[in-house]
Amino acid sequence: MFIDTATILVRGGKGGAGVVAFRREKYVPKGGPSGGDGGDGGSVVLVADVGVDTLLDFAGRKHWYAPDGQPGQGKQMHGRDGDDVRVALPAGTLVYDDASSELLGDLDEVGKELIIARGGNGGFGNEHFKTATQQTPRQCTPGNPPDPPEARAIRLELKLIADVGLIGKPNAGKSTFLAAVSKARPKIADYPFTTLEPNLGIVDLQGYRRIVIADIPGLIEGASQGQGLGTKFLRHVERTCVLVHLLEIDPTDGSNPITNYHAIRAELAAHSAALADKPQIVAISKIDLLPDLADRSAAVELIEAELGVKPFTISAATHEGLEPLLETCWRRLEK
């Protein structure tokens, strides 16, 4: 199951208290205060981990609390610090304060860390307060001076990180294309909204080159206002560098490919101006459905004239035109 949003509660550990103690040992002529400081509380640390793909782990676990520090002991013994809790997240996760919606951090690359809830400091034992004029202090401080451990509710939003994003109406052939060029195995069927979650595929090109492609589902007219799958997956398009817009040469629902193109472009612009400005490659898919070369050529020329761009023509079923399209994606990425 693909989960790309979650809200959790995080809290740092409490600091341990300092203690009042005195050293009294036989044959030791000089004693004095020996109360140790308390240990620091642990912190909650978010980490972008290569082995995590979704936020599924947070659907059933909402509380992430770090352990408290231990109190100090006699003989100037420092209390044990609480261990940090390291929370593994997918790379591409945005972290927001749930109350204020303030962006706290962006875990946009593997290995990046964010301390989201710091633990409290340990208190001072009476050994800390000894001076030349105060040789028997009987004071100590509780844990967490001067501030308590941090605690907050945070909202996690995952935006998949990919080089290329596949966009287009449902049944435009995005999943079939991804399966043809990579080892990804998305669900493929002849009805709209077959794909209900984004899929990632890794494409290997000659010369040890690699492209990560994301199949973004659910884009229809009105998606930016919540139609279809709504804005649920539009956020994933923002992480891509290049968009490949697939148009059916002969849509099975009887719609017009040119109208479909402008509808998707309008939804991207409504969601984000930056999204609409991303580099785009137009590809006409399923050209094998028009076996007559004259009909195919006429349809492509009409689309090219209406859009003002020269589209690629591809067939994921026969692998026709896939290699030139992928090479163009690579050159766009290099720029």
# chains A, B, ... in the order shown; residues from 1 in each chain; ligands from 1
>>> closest_atom_pairs(of="range 158-190 of chain A", to="range 316-321 of chain A", cutoff="12 Å", atoms="only C-alpha atoms", output="Markdown table")
| residue | atom | partner | partner_atom | distance |
| --- | --- | --- | --- | --- |
| A:Ala172 | CA | A:Ala316 | CA | 11.0 |
| A:Gly173 | CA | A:Ala316 | CA | 7.8 |
| A:Lys174 | CA | A:Ala316 | CA | 9.1 |
| A:Ser175 | CA | A:Ala316 | CA | 9.5 |
| A:Thr176 | CA | A:Ala316 | CA | 6.1 |
| A:Phe177 | CA | A:Ala316 | CA | 5.1 |
| A:Leu178 | CA | A:Ala316 | CA | 8.5 |
| A:Ala179 | CA | A:Ala316 | CA | 8.3 |
| A:Ala180 | CA | A:Ala316 | CA | 5.8 |
| A:Val181 | CA | A:Ala316 | CA | 8.2 |
| A:Ser182 | CA | A:Ala316 | CA | 11.3 |
>>> select_by_dssp(residues="range 39-132 of chain A", states="strand (DSSP E)", output="ChimeraX atom specification")
/A:44-48,63-65,85-89,93-97,103-107,113-117
>>> residues_around(residues="Arg80 in chain A", least_positions_apart="6", cutoff="12 Å", atoms="only C-alpha atoms", output="list in words")
Lys14, Gly15, Gly16, Ala17, Gly18, Gly36, Asp37, Gly38, Gly39, Asp40, Gly41, Gly42, Pro67, Asp68, Gly69, Gln70, Pro71, Gly72, Gln73, Asn121 and Gly122 of chain A
>>> atom_distance(atom1="CA of Lys278 in chain A", atom2="CA of Thr313 in chain A")
21.0 Å
>>> closest_residue(among="A:Ile8, A:Val85, A:Ala269, A:Ile167", to="Asp57 in chain A", atoms="only C-alpha atoms")
A:Ile8
